[in-house]
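Enquirer: Here you go, this is structure_14.cif (mmCIF, C-alpha atoms and all ligand atoms).
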data_structure
loop_
_atom_site.label_atom_id
_atom_site.label_comp_id
_atom_site.auth_asym_id
_atom_site.auth_seq_id
_atom_site.Cartn_x
_atom_site.Cartn_y
_atom_site.Cartn_z
CA MET A 1 -97.70 -121.17 -59.41
CA GLU A 2 -99.01 -118.78 -62.08
CA LYS A 3 -96.53 -116.88 -64.27
CA TRP A 4 -97.33 -113.56 -62.57
CA GLU A 5 -97.06 -114.98 -59.06
CA LEU A 6 -93.66 -116.41 -59.94
CA PHE A 7 -92.55 -113.08 -61.40
CA LEU A 8 -93.72 -111.15 -58.33
CA ALA A 9 -92.40 -113.59 -55.67
CA PRO A 10 -88.89 -112.03 -55.39
CA TYR A 11 -90.52 -108.59 -55.07
CA GLU A 12 -92.65 -109.87 -52.18
CA GLN A 13 -89.47 -111.10 -50.55
CA VAL A 14 -87.77 -107.71 -51.00
CA VAL A 15 -90.71 -105.80 -49.52
CA SER A 16 -90.82 -108.12 -46.45
CA GLU A 17 -87.07 -107.89 -45.86
CA MET A 18 -86.98 -104.13 -46.34
CA LYS A 19 -89.86 -103.59 -43.93
CA ILE A 20 -87.99 -105.53 -41.25
CA LYS A 21 -84.79 -103.59 -41.89
CA LEU A 22 -86.45 -100.17 -41.85
CA LYS A 23 -88.41 -101.00 -38.70
CA GLY A 24 -85.06 -102.14 -37.25
CA ILE A 25 -83.71 -98.62 -37.71
CA ARG A 26 -86.65 -97.23 -35.77
CA LYS A 27 -86.19 -99.80 -32.99
CA GLN A 28 -82.50 -98.99 -32.57
CA PHE A 29 -83.29 -95.32 -31.98
CA ARG A 30 -86.11 -96.11 -29.59
CA ASP A 31 -84.00 -98.65 -27.68
CA ASN A 32 -81.52 -95.85 -27.10
CA ASN A 33 -84.26 -93.47 -25.97
CA GLN A 34 -83.54 -91.27 -28.97
CA HIS A 35 -86.00 -89.61 -31.27
CA ALA A 36 -86.60 -92.10 -34.12
CA PRO A 37 -86.53 -90.41 -37.55
CA ILE A 38 -88.96 -93.11 -38.73
CA GLU A 39 -92.52 -93.02 -37.42
CA PHE A 40 -93.91 -95.95 -39.42
CA VAL A 41 -93.23 -98.01 -42.50
CA THR A 42 -95.54 -99.54 -45.07
CA GLY A 43 -94.81 -101.61 -48.12
CA ARG A 44 -96.56 -103.13 -51.10
CA VAL A 45 -95.91 -105.00 -54.29
CA LYS A 46 -97.54 -103.21 -57.21
CA PRO A 47 -100.66 -105.18 -58.18
CA MET A 48 -100.54 -106.99 -61.52
CA ASP A 49 -103.26 -104.77 -63.02
CA SER A 50 -101.38 -101.57 -62.14
CA ILE A 51 -98.19 -103.03 -63.62
CA LYS A 52 -100.04 -103.83 -66.85
CA ILE A 53 -101.59 -100.34 -67.07
CA LYS A 54 -98.30 -98.57 -66.36
CA SER A 55 -96.32 -100.76 -68.81
CA LYS A 56 -98.86 -100.03 -71.53
CA LEU A 57 -98.74 -96.27 -70.84
CA ARG A 58 -94.93 -96.22 -70.87
CA GLY A 59 -94.52 -98.79 -73.67
CA ILE A 60 -92.48 -101.19 -71.54
CA PRO A 61 -92.50 -104.80 -72.82
CA MET A 62 -92.79 -107.63 -70.27
CA GLU A 63 -89.15 -108.67 -70.72
CA ARG A 64 -87.97 -105.15 -69.82
CA LEU A 65 -90.16 -104.76 -66.70
CA GLU A 66 -87.42 -105.76 -64.23
CA ASP A 67 -85.12 -103.01 -65.51
CA GLU A 68 -87.55 -100.30 -66.47
CA MET A 69 -90.31 -100.43 -63.87
CA GLN A 70 -88.44 -99.64 -60.69
CA ASP A 71 -91.39 -99.31 -58.33
CA ILE A 72 -92.81 -102.84 -58.48
CA ALA A 73 -91.45 -103.19 -54.93
CA GLY A 74 -92.48 -100.09 -52.99
CA LEU A 75 -91.69 -98.97 -49.46
CA ARG A 76 -93.01 -95.87 -47.75
CA ILE A 77 -91.43 -94.31 -44.70
CA MET A 78 -93.36 -91.78 -42.67
CA CYS A 79 -91.51 -89.26 -40.49
CA GLN A 80 -92.58 -86.66 -37.96
CA PHE A 81 -90.36 -83.85 -39.23
CA VAL A 82 -88.91 -82.76 -42.56
CA ASP A 83 -85.37 -82.98 -41.11
CA ASP A 84 -86.04 -86.64 -40.26
CA ILE A 85 -86.52 -87.34 -43.98
CA TYR A 86 -83.00 -86.20 -44.78
CA GLU A 87 -81.62 -88.21 -41.86
CA VAL A 88 -83.35 -91.34 -43.17
CA VAL A 89 -81.88 -90.66 -46.63
CA ARG A 90 -78.38 -90.45 -45.08
CA LEU A 91 -78.93 -93.68 -43.14
CA ILE A 92 -80.06 -95.53 -46.27
CA ARG A 93 -77.19 -94.16 -48.37
CA ALA A 94 -74.71 -95.42 -45.75
CA ARG A 95 -76.01 -99.00 -45.74
CA LYS A 96 -73.98 -101.87 -47.17
CA ASP A 97 -76.95 -104.13 -47.94
CA MET A 98 -78.53 -101.89 -50.60
CA THR A 99 -77.35 -99.32 -53.14
CA VAL A 100 -79.09 -96.06 -53.91
CA VAL A 101 -79.22 -95.67 -57.69
CA GLN A 102 -81.54 -92.66 -58.03
CA GLU A 103 -82.80 -89.82 -55.84
CA ARG A 104 -85.65 -87.41 -56.46
CA ASP A 105 -86.27 -84.61 -54.03
CA TYR A 106 -89.89 -83.59 -54.53
CA ILE A 107 -89.67 -81.61 -51.28
CA THR A 108 -87.22 -78.99 -52.51
CA ASN A 109 -88.79 -79.38 -55.96
CA GLN A 110 -92.47 -79.79 -55.22
CA LYS A 111 -94.47 -81.36 -58.08
CA GLU A 112 -96.95 -79.30 -60.08
CA SER A 113 -99.79 -81.20 -58.35
CA GLY A 114 -98.59 -80.04 -54.92
CA TYR A 115 -97.07 -83.48 -54.18
CA ARG A 116 -94.12 -83.52 -51.79
CA SER A 117 -91.96 -86.55 -50.89
CA TYR A 118 -88.37 -87.76 -51.20
CA HIS A 119 -87.96 -90.72 -53.56
CA LEU A 120 -85.09 -93.16 -53.64
CA ILE A 121 -84.61 -96.02 -56.04
CA ILE A 122 -82.43 -98.69 -54.51
CA GLU A 123 -80.90 -101.84 -55.90
CA TYR A 124 -81.36 -104.66 -53.41
CA PRO A 125 -79.61 -108.03 -53.71
CA VAL A 126 -82.19 -110.63 -52.70
CA GLN A 127 -80.98 -114.16 -51.95
CA LEU A 128 -82.99 -116.79 -53.80
CA VAL A 129 -82.44 -120.55 -53.95
CA THR A 130 -81.28 -119.98 -57.51
CA GLY A 131 -78.71 -117.42 -56.35
CA GLU A 132 -78.57 -113.69 -55.83
CA LYS A 133 -80.91 -111.45 -57.81
CA LYS A 134 -80.68 -107.67 -57.90
CA ILE A 135 -84.09 -106.07 -57.57
CA TYR A 136 -85.02 -102.41 -57.79
CA ALA A 137 -87.27 -100.94 -55.13
CA GLU A 138 -88.70 -97.48 -54.67
CA ILE A 139 -88.63 -95.88 -51.23
CA GLN A 140 -90.87 -92.86 -50.69
CA ILE A 141 -90.00 -90.85 -47.61
CA ARG A 142 -92.46 -88.24 -46.36
CA THR A 143 -93.82 -86.53 -43.27
CA LEU A 144 -97.16 -87.51 -41.80
CA SER A 145 -98.66 -84.36 -43.24
CA MET A 146 -97.24 -84.99 -46.75
CA ASN A 147 -98.64 -88.52 -46.49
CA PHE A 148 -102.09 -87.25 -45.48
CA TRP A 149 -102.21 -84.99 -48.53
CA ALA A 150 -100.82 -87.61 -50.96
CA THR A 151 -103.20 -90.31 -49.75
CA ILE A 152 -106.27 -88.11 -50.24
CA GLU A 153 -105.04 -86.78 -53.60
CA HIS A 154 -104.29 -90.32 -54.77
CA SER A 155 -107.81 -91.53 -54.01
CA LEU A 156 -109.36 -88.48 -55.67
CA ASN A 157 -107.11 -89.07 -58.66
CA TYR A 158 -108.46 -92.58 -58.87
CA LYS A 159 -112.01 -91.23 -58.86
CA TYR A 160 -111.45 -88.37 -61.34
CA GLN A 161 -108.65 -89.97 -63.41
CA GLY A 162 -106.51 -86.85 -62.98
CA GLU A 163 -109.23 -84.53 -64.38
CA PHE A 164 -110.17 -82.71 -61.19
CA PRO A 165 -113.04 -80.23 -61.20
CA GLN A 166 -111.69 -76.70 -60.66
CA GLU A 167 -113.02 -76.45 -57.11
CA ILE A 168 -111.34 -79.68 -56.02
CA ASN A 169 -108.15 -78.64 -57.75
CA ASP A 170 -108.12 -75.35 -55.82
CA ARG A 171 -108.85 -77.08 -52.54
CA LEU A 172 -106.07 -79.60 -53.12
CA ARG A 173 -103.67 -76.73 -53.78
CA ASN A 174 -104.76 -75.02 -50.56
CA ALA A 175 -104.48 -78.28 -48.66
CA SER A 176 -100.97 -78.82 -50.00
CA GLU A 177 -99.97 -75.37 -48.77
CA ALA A 178 -101.58 -76.06 -45.41
CA ALA A 179 -99.65 -79.35 -45.14
CA HIS A 180 -96.45 -77.48 -45.96
CA TRP A 181 -97.25 -74.86 -43.33
CA LEU A 182 -97.95 -77.57 -40.74
CA ASP A 183 -94.55 -79.15 -41.39
CA GLU A 184 -92.85 -75.80 -40.97
CA GLU A 185 -94.67 -75.02 -37.73
CA MET A 186 -93.90 -78.48 -36.33
CA SER A 187 -90.22 -78.09 -37.20
CA LYS A 188 -90.14 -74.81 -35.31
CA ILE A 189 -91.50 -76.39 -32.15
CA ARG A 190 -89.58 -79.62 -32.71
CA GLU A 191 -87.32 -79.27 -29.73
CA GLU A 192 -90.18 -78.79 -27.33
CA ILE A 193 -92.00 -81.80 -28.81
CA GLN A 194 -88.92 -83.98 -28.46
CA GLU A 195 -88.49 -83.02 -24.82
CA ALA A 196 -92.10 -83.93 -24.16
CA GLN A 197 -91.68 -87.26 -25.96
CA GLN A 198 -88.62 -88.15 -23.89
CA LEU A 199 -90.59 -87.48 -20.70
CA PHE A 200 -93.52 -89.49 -22.08
CA SER A 201 -91.46 -92.53 -23.06
CA HIS A 202 -89.69 -92.58 -19.69
CA GLY A 203 -92.95 -92.26 -17.82
CA ARG A 204 -95.19 -94.56 -19.87
CA GLY A 205 -92.86 -97.31 -21.09
CA LYS A 206 -93.32 -98.82 -24.52
CA GLN A 207 -94.91 -96.97 -27.41
CA HIS A 208 -97.35 -98.50 -29.84
CA ASP A 209 -95.75 -101.06 -32.11
CA ARG A 210 -96.80 -100.51 -35.73
P1 LIG B 301 -98.90 -96.04 -57.05
O1 LIG B 301 -98.25 -97.32 -56.75
O2 LIG B 301 -100.36 -96.15 -57.30
O3 LIG B 301 -98.55 -94.96 -56.04
P2 LIG B 301 -91.19 -90.30 -64.17
O4 LIG B 301 -92.32 -90.48 -65.13
O5 LIG B 301 -90.08 -91.30 -64.32
O6 LIG B 301 -90.73 -88.85 -64.07
P3 LIG B 301 -92.49 -91.83 -62.15
O7 LIG B 301 -91.92 -93.09 -62.67
O8 LIG B 301 -93.98 -91.66 -62.22
O9 LIG B 301 -91.80 -90.54 -62.78
O10 LIG B 301 -91.94 -91.72 -60.70
P4 LIG B 301 -92.14 -90.62 -59.61
O11 LIG B 301 -92.91 -89.44 -60.08
O12 LIG B 301 -90.80 -90.38 -59.01
O13 LIG B 301 -92.99 -91.40 -58.55
C1 LIG B 301 -94.13 -92.13 -58.85
C2 LIG B 301 -94.89 -92.41 -57.57
O14 LIG B 301 -94.81 -91.28 -56.70
C3 LIG B 301 -96.35 -92.60 -57.84
O15 LIG B 301 -96.57 -93.96 -58.06
C4 LIG B 301 -96.99 -92.13 -56.56
O16 LIG B 301 -96.91 -93.12 -55.55
C5 LIG B 301 -96.09 -90.99 -56.17
N1 LIG B 301 -96.53 -89.73 -56.78
C6 LIG B 301 -95.88 -89.01 -57.72
N2 LIG B 301 -96.56 -87.90 -58.02
C7 LIG B 301 -97.66 -87.89 -57.26
C8 LIG B 301 -98.76 -86.97 -57.11
O17 LIG B 301 -98.87 -85.92 -57.76
N3 LIG B 301 -99.73 -87.33 -56.21
C9 LIG B 301 -99.66 -88.46 -55.47
N4 LIG B 301 -100.65 -88.72 -54.61
N5 LIG B 301 -98.64 -89.35 -55.60
C10 LIG B 301 -97.66 -89.06 -56.46
P5 LIG B 301 -97.67 -94.46 -59.12
O18 LIG B 301 -96.97 -95.03 -60.29
O19 LIG B 301 -98.67 -93.39 -59.35
O20 LIG B 301 -98.31 -95.69 -58.47
#
Kindly transcribe the structure held in the file into structure tokens.
Expert:
Amino acid sequence: MEKWELFLAPYEQVVSEMKIKLKGIRKQFRDNNQHAPIEFVTGRVKPMDSIKIKSKLRGIPMERLEDEMQDIAGLRIMCQFVDDIYEVVRLIRARKDMTVVQERDYITNQKESGYRSYHLIIEYPVQLVTGEKKIYAEIQIRTLSMNFWATIEHSLNYKYQGEFPQEINDRLRNASEAAHWLDEEMSKIREEIQEAQQLFSHGRGKQHDR
């Protein structure tokens, strides 16, 4: 195996295990016919090129990567409602198989760009044949509407390298406000939606498995 593959292998393991565990939370709620605070989960290991670029930008030497780059393993949890985000945070904090070491609430404190999400850094003890290794992972928790905005902004950022033309900048700002408004409206009609979902899941059986 190449040096990089070897370095990234434990991170791959963490992302796989975490995805199973987070999807397990969703399943437990659904099995009990309760509203699941998790809609879907994605995960990725930061590609080698992105690690190199970020380490250069931040001046992190290779031997300090494990400690100083805490998002090499990344999980993303999408929720229907803003309240679900805080429930997921509570559920993760209460777990015995991982430790939350940092929290950033970019929902209460929206970023200058308009970005909203709740970020957790966890320390996760992964079991390797050589013994236990503690690995940091970043968990981003957001609503579907926050995710829609962040995904589009991220791809535009890639295209414009952060230097957005004024018109796009303005539209992104408007879109961020619209996403915020959508979350607020959905929260207000949350109870009605939940009732409808209960009826739906009783009547139609299993939901899509993602
Ligand atoms: P990727 O993998 O391409 O998404 P710090 O410098 O320590 O204050 P840091 O380390 O950048 O902050 O962490 P932060 O801001 O808590 O979270 C970084 C990640 O959050 C980013 O990862 C994005 O995934 C997401 N993020 C933060 N701000 C924005 C934003 O304005 N727009 C979008 N679309 N996403 C954002 P990376 O490193 O960019 O990599």
Enquirer: Tell me, in Å to one decimal, how far CA of Met186 (chain A) is from CA of Arg90 (chain A).
Expert: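 Between CA of Met186 (chain A) and CA of Arg90 (chain A) the gap is 21.5 Å.
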Enquirer: Given 4 Å of margin on each side, can you work out the centre and size in Å (one decimal) of an axis-aligned box holding every listed atom of ligand LIG 301 (chain B), as JSON?
Expert:
{"center_x": -95.4, "center_y": -91.6, "center_z": -59.9, "size_x": 18.6, "size_y": 19.4, "size_z": 18.5}
Enquirer: Using only C-alpha atoms and all ligand atoms, can you tell me which of A:Tyr124, A:Tyr160, A:Phe7, A:Tyr106 comes closest to ligand LIG 301 (chain B)?
Expert: A:Tyr106
Enquirer: Do you know which residues are at most 12 Å from Glu112 (chain A) counting only C-alpha atoms, after dropping those on the same chain fewer than 6 positions away, and could you put them as a list in words?
Expert: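 Counting only C-alpha atoms, the residues come to Tyr106, Asn169, Leu172, Arg173 and Ser176 of chain A.
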Enquirer: If the limit is 7 Å from any atom of ligand LIG 301 (chain B), counting only C-alpha atoms and all ligand atoms, which residues qualify? Return them as a ChimeraX atom specification.
Expert: /A:46,104,111,113-115,119,150-151,153-154
Enquirer: Got a sec: who's within 10 Å of Asn147 (chain A), counting only C-alpha atoms, leaving out chain neighbours fewer than 6 positions off, as a ChimeraX atom specification?
Expert: /A:76-79,115-117,140-141,153,179
Enquirer: From the list A:Phe148, A:Tyr11, A:Tyr158, A:Phe29, which residue is nearest Gly43 (chain A) when using all atoms listed in the file?
Expert: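 Closest residue, counting all atoms listed in the file: A:Tyr11.
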Enquirer: Which residue is closest to Tyr86 (chain A)? Choose from A:Gln161, A:Pro61, A:Met69, A:Arg142 and count all atoms listed in the file.
Expert: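 Smallest separation from Tyr86 (chain A) among the options: A:Arg142.
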Enquirer: Between A:Pro10, A:Trp181, A:Lys52, A:Ile189, single out the one closest to Val129 (chain A), counting all atoms listed in the file.
Expert: A:Pro10
Enquirer: Could you tell me how far CA of Glu195 (chain A) lies from CA of Phe40 (chain A), in Å and to one decimal?
Expert: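 Going from CA of Glu195 (chain A) over to CA of Phe40 (chain A), I get 20.2 Å.
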Enquirer: My list of candidates is A:Ile168, A:Ile38, A:Ile152, A:Met18. Which is closest to Glu87 (chain A) when distances are computed with only C-alpha atoms?
Expert: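 With only C-alpha atoms as the atom set, the closest residue is A:Ile38.
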Enquirer: Write out as a compact mmCIF listing (two decimals) with C-alpha atoms, in the frame of the given file the residues lying within 9 Å of Val89 (chain A), counting all atoms listed in the file and excluding same-chain residues fewer than 5 positions away.
Expert:
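So the final result, stored in selection_1.txt, reads:
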# COMPACT_ATOMS: atom_id res chain seq x y z
CA ASP A 84 -86.04 -86.64 -40.26
CA ALA A 94 -74.71 -95.42 -45.75
CA TYR A 118 -88.37 -87.76 -51.20
CA LEU A 120 -85.09 -93.16 -53.64
CA ILE A 141 -90.00 -90.85 -47.61
Enquirer: What is the distance, in Å and to one decimal place, between CA of Ile51 (chain A) and CA of Tyr136 (chain A)?
Expert: 14.4 Å
Enquirer: Check the smallest atom-to-atom distance from each of A:Val101, A:Val88, A:Leu22, A:Ala73 to Glu138 (chain A) using only C-alpha atoms, then report the winner.
Expert: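 Ranking A:Val101, A:Val88, A:Leu22, A:Ala73 by distance to Glu138 (chain A), first place goes to A:Ala73.
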Enquirer: Pick out the residues sitting within 7 Å of Val100 (chain A), and hand them over as number ranges by chain; count only C-alpha atoms, and ignore anything fewer than 6 positions along from it in its own chain.
Expert: A: 93, 120-123
Enquirer: Output region 131-144 of chain A as a PDB file, keeping the file's coordinate frame, making sure N, CA and C atoms are there.
Expert:
ATOM      1  N   GLY A 131     -79.843-118.349 -56.432  1.00  0.00           N
ATOM      2  CA  GLY A 131     -78.710-117.420 -56.350  1.00  0.00           C
ATOM      3  C   GLY A 131     -79.172-116.010 -56.045  1.00  0.00           C
ATOM      4  N   GLU A 132     -78.221-115.073 -56.152  1.00  0.00           N
ATOM      5  CA  GLU A 132     -78.570-113.690 -55.830  1.00  0.00           C
ATOM      6  C   GLU A 132     -79.236-113.004 -57.034  1.00  0.00           C
ATOM      7  N   LYS A 133     -80.253-112.192 -56.738  1.00  0.00           N
ATOM      8  CA  LYS A 133     -80.910-111.450 -57.810  1.00  0.00           C
ATOM      9  C   LYS A 133     -81.018-109.993 -57.375  1.00  0.00           C
ATOM     10  N   LYS A 134     -80.598-109.084 -58.262  1.00  0.00           N
ATOM     11  CA  LYS A 134     -80.680-107.670 -57.900  1.00  0.00           C
ATOM     12  C   LYS A 134     -82.040-107.141 -58.313  1.00  0.00           C
ATOM     13  N   ILE A 135     -82.723-106.560 -57.347  1.00  0.00           N
ATOM     14  CA  ILE A 135     -84.090-106.070 -57.570  1.00  0.00           C
ATOM     15  C   ILE A 135     -84.140-104.582 -57.254  1.00  0.00           C
ATOM     16  N   TYR A 136     -84.810-103.833 -58.096  1.00  0.00           N
ATOM     17  CA  TYR A 136     -85.020-102.410 -57.790  1.00  0.00           C
ATOM     18  C   TYR A 136     -86.215-102.260 -56.858  1.00  0.00           C
ATOM     19  N   ALA A 137     -86.122-101.279 -55.976  1.00  0.00           N
ATOM     20  CA  ALA A 137     -87.270-100.940 -55.130  1.00  0.00           C
ATOM     21  C   ALA A 137     -87.330 -99.434 -54.985  1.00  0.00           C
ATOM     22  N   GLU A 138     -88.548 -98.914 -54.881  1.00  0.00           N
ATOM     23  CA  GLU A 138     -88.700 -97.480 -54.670  1.00  0.00           C
ATOM     24  C   GLU A 138     -89.054 -97.211 -53.208  1.00  0.00           C
ATOM     25  N   ILE A 139     -88.327 -96.276 -52.612  1.00  0.00           N
ATOM     26  CA  ILE A 139     -88.630 -95.880 -51.230  1.00  0.00           C
ATOM     27  C   ILE A 139     -89.117 -94.434 -51.256  1.00  0.00           C
ATOM     28  N   GLN A 140     -90.329 -94.229 -50.790  1.00  0.00           N
ATOM     29  CA  GLN A 140     -90.870 -92.860 -50.690  1.00  0.00           C
ATOM     30  C   GLN A 140     -90.795 -92.452 -49.230  1.00  0.00           C
ATOM     31  N   ILE A 141     -90.162 -91.317 -48.987  1.00  0.00           N
ATOM     32  CA  ILE A 141     -90.000 -90.850 -47.610  1.00  0.00           C
ATOM     33  C   ILE A 141     -90.735 -89.520 -47.460  1.00  0.00           C
ATOM     34  N   ARG A 142     -91.626 -89.436 -46.498  1.00  0.00           N
ATOM     35  CA  ARG A 142     -92.460 -88.240 -46.360  1.00  0.00           C
ATOM     36  C   ARG A 142     -92.857 -87.999 -44.895  1.00  0.00           C
ATOM     37  N   THR A 143     -93.287 -86.785 -44.621  1.00  0.00           N
ATOM     38  CA  THR A 143     -93.820 -86.530 -43.270  1.00  0.00           C
ATOM     39  C   THR A 143     -95.253 -87.039 -43.211  1.00  0.00           C
ATOM     40  N   LEU A 144     -95.772 -87.073 -41.990  1.00  0.00           N
ATOM     41  CA  LEU A 144     -97.160 -87.510 -41.800  1.00  0.00           C
ATOM     42  C   LEU A 144     -98.108 -86.589 -42.554  1.00  0.00           C
TER      43      LEU A 144
END
